[in-house]
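Structure below is my_file-v9.txt: compact mmCIF, C-alpha atoms.
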# COMPACT_ATOMS: atom_id res chain seq x y z
CA MET A 55 145.50 29.12 57.83
CA PHE A 56 145.14 26.00 59.95
CA GLU A 57 141.63 27.01 60.99
CA ARG A 58 140.56 27.11 57.35
CA TYR A 59 142.29 23.86 56.43
CA PRO A 60 142.15 21.41 59.36
CA GLU A 61 143.29 18.63 57.02
CA LEU A 62 146.77 20.14 57.22
CA TYR A 63 147.07 18.80 60.77
CA LEU A 64 146.36 15.29 59.52
CA LEU A 65 148.81 15.59 56.64
CA GLY A 66 151.43 17.18 58.88
CA ALA A 67 151.15 14.41 61.46
CA ALA A 68 151.36 11.73 58.77
CA MET A 69 154.40 13.36 57.20
CA LEU A 70 156.19 13.74 60.54
CA THR A 71 155.57 10.15 61.62
CA SER A 72 156.65 8.87 58.17
CA VAL A 73 159.91 10.82 58.27
CA ALA A 74 160.54 9.74 61.87
CA ALA A 75 159.89 6.08 61.02
CA TYR A 76 162.19 6.28 58.01
CA ALA A 77 164.98 7.90 60.04
CA LEU A 78 164.61 5.42 62.88
CA LEU A 79 164.46 2.32 60.69
CA ALA A 80 167.24 3.53 58.39
CA SER A 81 169.57 3.99 61.35
CA ILE A 82 168.63 0.89 63.35
CA SER A 83 167.97 -1.66 60.63
CA ARG A 84 170.14 -0.20 57.88
CA LEU A 85 167.22 -0.28 55.44
CA SER A 86 167.93 1.07 51.98
CA LEU A 87 166.10 3.69 49.96
CA GLY A 88 165.47 1.06 47.28
CA SER A 89 163.53 -1.11 49.68
CA LEU A 90 161.48 1.94 50.72
CA GLN A 91 160.61 2.63 47.08
CA LEU A 92 159.49 -0.98 46.63
CA ALA A 93 157.41 -0.79 49.80
CA LEU A 94 155.75 2.43 48.62
CA ARG A 95 155.00 0.92 45.22
CA ARG A 96 153.41 -2.14 46.82
CA THR A 97 151.46 0.06 49.23
CA LEU A 98 150.03 1.99 46.28
CA GLU A 99 149.12 -1.28 44.56
CA CYS A 100 147.28 -2.37 47.69
CA ALA A 101 145.51 0.98 47.94
CA GLY A 102 144.45 0.66 44.30
CA VAL A 103 142.94 -2.76 44.90
CA SER A 104 141.12 -1.36 47.94
CA LEU A 105 139.77 1.52 45.86
CA VAL A 106 138.42 -0.92 43.27
CA PHE A 107 136.63 -2.79 46.05
CA LEU A 108 135.24 0.47 47.45
CA VAL A 109 133.78 1.60 44.13
CA THR A 110 132.40 -1.87 43.39
CA ASN A 111 130.85 -2.21 46.85
CA MET A 112 129.20 1.20 46.56
CA LEU A 113 127.79 0.41 43.12
CA ILE A 114 126.40 -2.88 44.38
CA GLU A 115 124.85 -1.15 47.40
CA VAL A 116 123.07 1.37 45.18
CA ALA A 117 121.95 -1.40 42.82
CA LEU A 118 120.51 -3.35 45.78
CA VAL A 119 118.61 -0.29 46.99
CA LEU A 120 117.17 0.23 43.51
CA LEU A 121 116.29 -3.46 43.28
CA VAL A 122 114.43 -3.35 46.60
CA ARG A 123 112.56 -0.27 45.37
CA GLN A 124 111.58 -2.10 42.20
CA LEU A 125 110.54 -5.34 43.90
CA THR A 126 108.60 -3.82 46.78
CA GLY A 127 107.20 -0.74 45.09
CA ARG A 128 108.15 1.26 48.17
CA PHE A 129 110.57 4.12 48.37
CA VAL A 130 113.91 3.10 49.86
CA THR A 131 116.46 5.85 50.31
CA VAL A 132 119.83 5.62 48.62
CA TYR A 133 121.31 6.96 51.85
CA LEU A 134 121.24 3.35 53.06
CA ALA A 135 124.14 2.81 50.66
CA GLY A 136 126.14 5.63 52.26
CA ASP A 137 127.34 3.92 55.43
CA VAL A 138 130.94 4.94 56.13
CA MET A 139 131.79 1.41 57.33
CA ILE A 140 132.11 0.37 53.69
CA VAL A 141 135.48 2.16 53.58
CA PRO A 142 137.34 0.01 56.16
CA ILE A 143 135.57 -3.11 54.90
CA SER A 144 136.75 -2.35 51.35
CA CYS A 145 140.26 -1.67 52.65
CA LEU A 146 140.34 -5.04 54.38
CA GLN A 147 139.09 -6.73 51.21
CA GLY A 148 141.82 -5.01 49.22
CA VAL A 149 144.55 -5.94 51.69
CA ALA A 150 143.41 -9.57 51.75
CA VAL A 151 143.32 -9.87 47.96
CA TRP A 152 146.63 -8.04 47.59
CA TRP A 153 148.34 -10.38 50.09
CA TRP A 154 146.75 -13.40 48.42
CA LYS A 155 148.30 -12.27 45.14
CA ALA A 156 151.64 -11.48 46.83
CA VAL A 157 151.86 -14.89 48.51
CA ALA A 158 151.03 -16.67 45.24
CA ARG A 159 154.02 -15.05 43.47
Since I need it in another form, could you write the structure as structure tokens?
Amino acid sequence: MFERYPELYLLGAAMLTSVAAYALLASISRLSLGSLQLALRRTLECAGVSLVFLVTNMLIEVALVLLVRQLTGRFVTVYLAGDVMIVPISCLQGVAVWWWKAVAR
């Protein structure tokens, strides 16, 4: 089963570390379940903002490739817009904007 679905290792590790962190912080810091729910909600908000940045960045990349094609008359591959580094860059953009909004509250 694990050979067919290697993603299960990633999910399993994430689940184990999350449960361990919750147990450790709940016992040491006396954190409540309510504060965990708020933290999860804010994390999902931040992830949503990051996803908006990712989609927007990818659309702009493709548009720039098509613009270069049109202006130069030469073929430029859309694969230039497929660099995986756009994912962490978009995440950082999302985190920065989310914190900017959070600090302004």
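For the pair CA of Arg96 in chain A and CA of Lys155 in chain A, the interatomic distance is 11.5 Å.
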Problem set entry | Point-to-point distance from CA of Arg159 in chain A to CA of Thr97 in chain A, Å rounded to tenths |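 Between CA of Arg159 in chain A and CA of Thr97 in chain A the gap works out to 16.4 Å.
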Applying 12 Å and all atoms listed in the file, which residues near Val141 in chain A remain after dropping the ones on its own chain fewer than 2 positions away? List them as an mmCIF file with C-alpha atoms, in the coordinates of the input.
data_model
loop_
_atom_site.group_PDB
_atom_site.id
_atom_site.type_symbol
_atom_site.label_atom_id
_atom_site.label_comp_id
_atom_site.auth_asym_id
_atom_site.auth_seq_id
_atom_site.Cartn_x
_atom_site.Cartn_y
_atom_site.Cartn_z
ATOM 1 C CA ALA A 101 145.510 0.980 47.940
ATOM 2 C CA SER A 104 141.120 -1.360 47.940
ATOM 3 C CA LEU A 105 139.770 1.520 45.860
ATOM 4 C CA VAL A 106 138.420 -0.920 43.270
ATOM 5 C CA PHE A 107 136.630 -2.790 46.050
ATOM 6 C CA LEU A 108 135.240 0.470 47.450
ATOM 7 C CA VAL A 109 133.780 1.600 44.130
ATOM 8 C CA THR A 110 132.400 -1.870 43.390
ATOM 9 C CA ASN A 111 130.850 -2.210 46.850
ATOM 10 C CA MET A 112 129.200 1.200 46.560
ATOM 11 C CA ALA A 135 124.140 2.810 50.660
ATOM 12 C CA GLY A 136 126.140 5.630 52.260
ATOM 13 C CA ASP A 137 127.340 3.920 55.430
ATOM 14 C CA VAL A 138 130.940 4.940 56.130
ATOM 15 C CA MET A 139 131.790 1.410 57.330
ATOM 16 C CA ILE A 143 135.570 -3.110 54.900
ATOM 17 C CA SER A 144 136.750 -2.350 51.350
ATOM 18 C CA CYS A 145 140.260 -1.670 52.650
ATOM 19 C CA LEU A 146 140.340 -5.040 54.380
ATOM 20 C CA GLN A 147 139.090 -6.730 51.210
ATOM 21 C CA GLY A 148 141.820 -5.010 49.220
#
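The shortest atom-to-atom distance to Ile114 in chain A, with all atoms listed in the file taken into account, belongs to A:Leu134 out of A:Ala74, A:Cys100, A:Leu90, A:Leu134.
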For this session: Please indicate the distance in Å from CA of Glu115 in chain A to CA of Phe129 in chain A, rounded to one decimal place.
Result: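 Value for the CA of Glu115 in chain A-CA of Phe129 in chain A distance: 15.3 Å.
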For this session: Find the residues near Val132 in chain A: any atom within 12 Å, counting all atoms listed in the file, skip ones fewer than 6 places away on the same chain, and give them as a list of chain:residue names.
Result: A:Met112, A:Leu113, A:Ile114, A:Glu115, A:Val116, A:Ala117, A:Leu118, A:Val119, A:Leu120, A:Leu121, A:Val122, A:Arg123
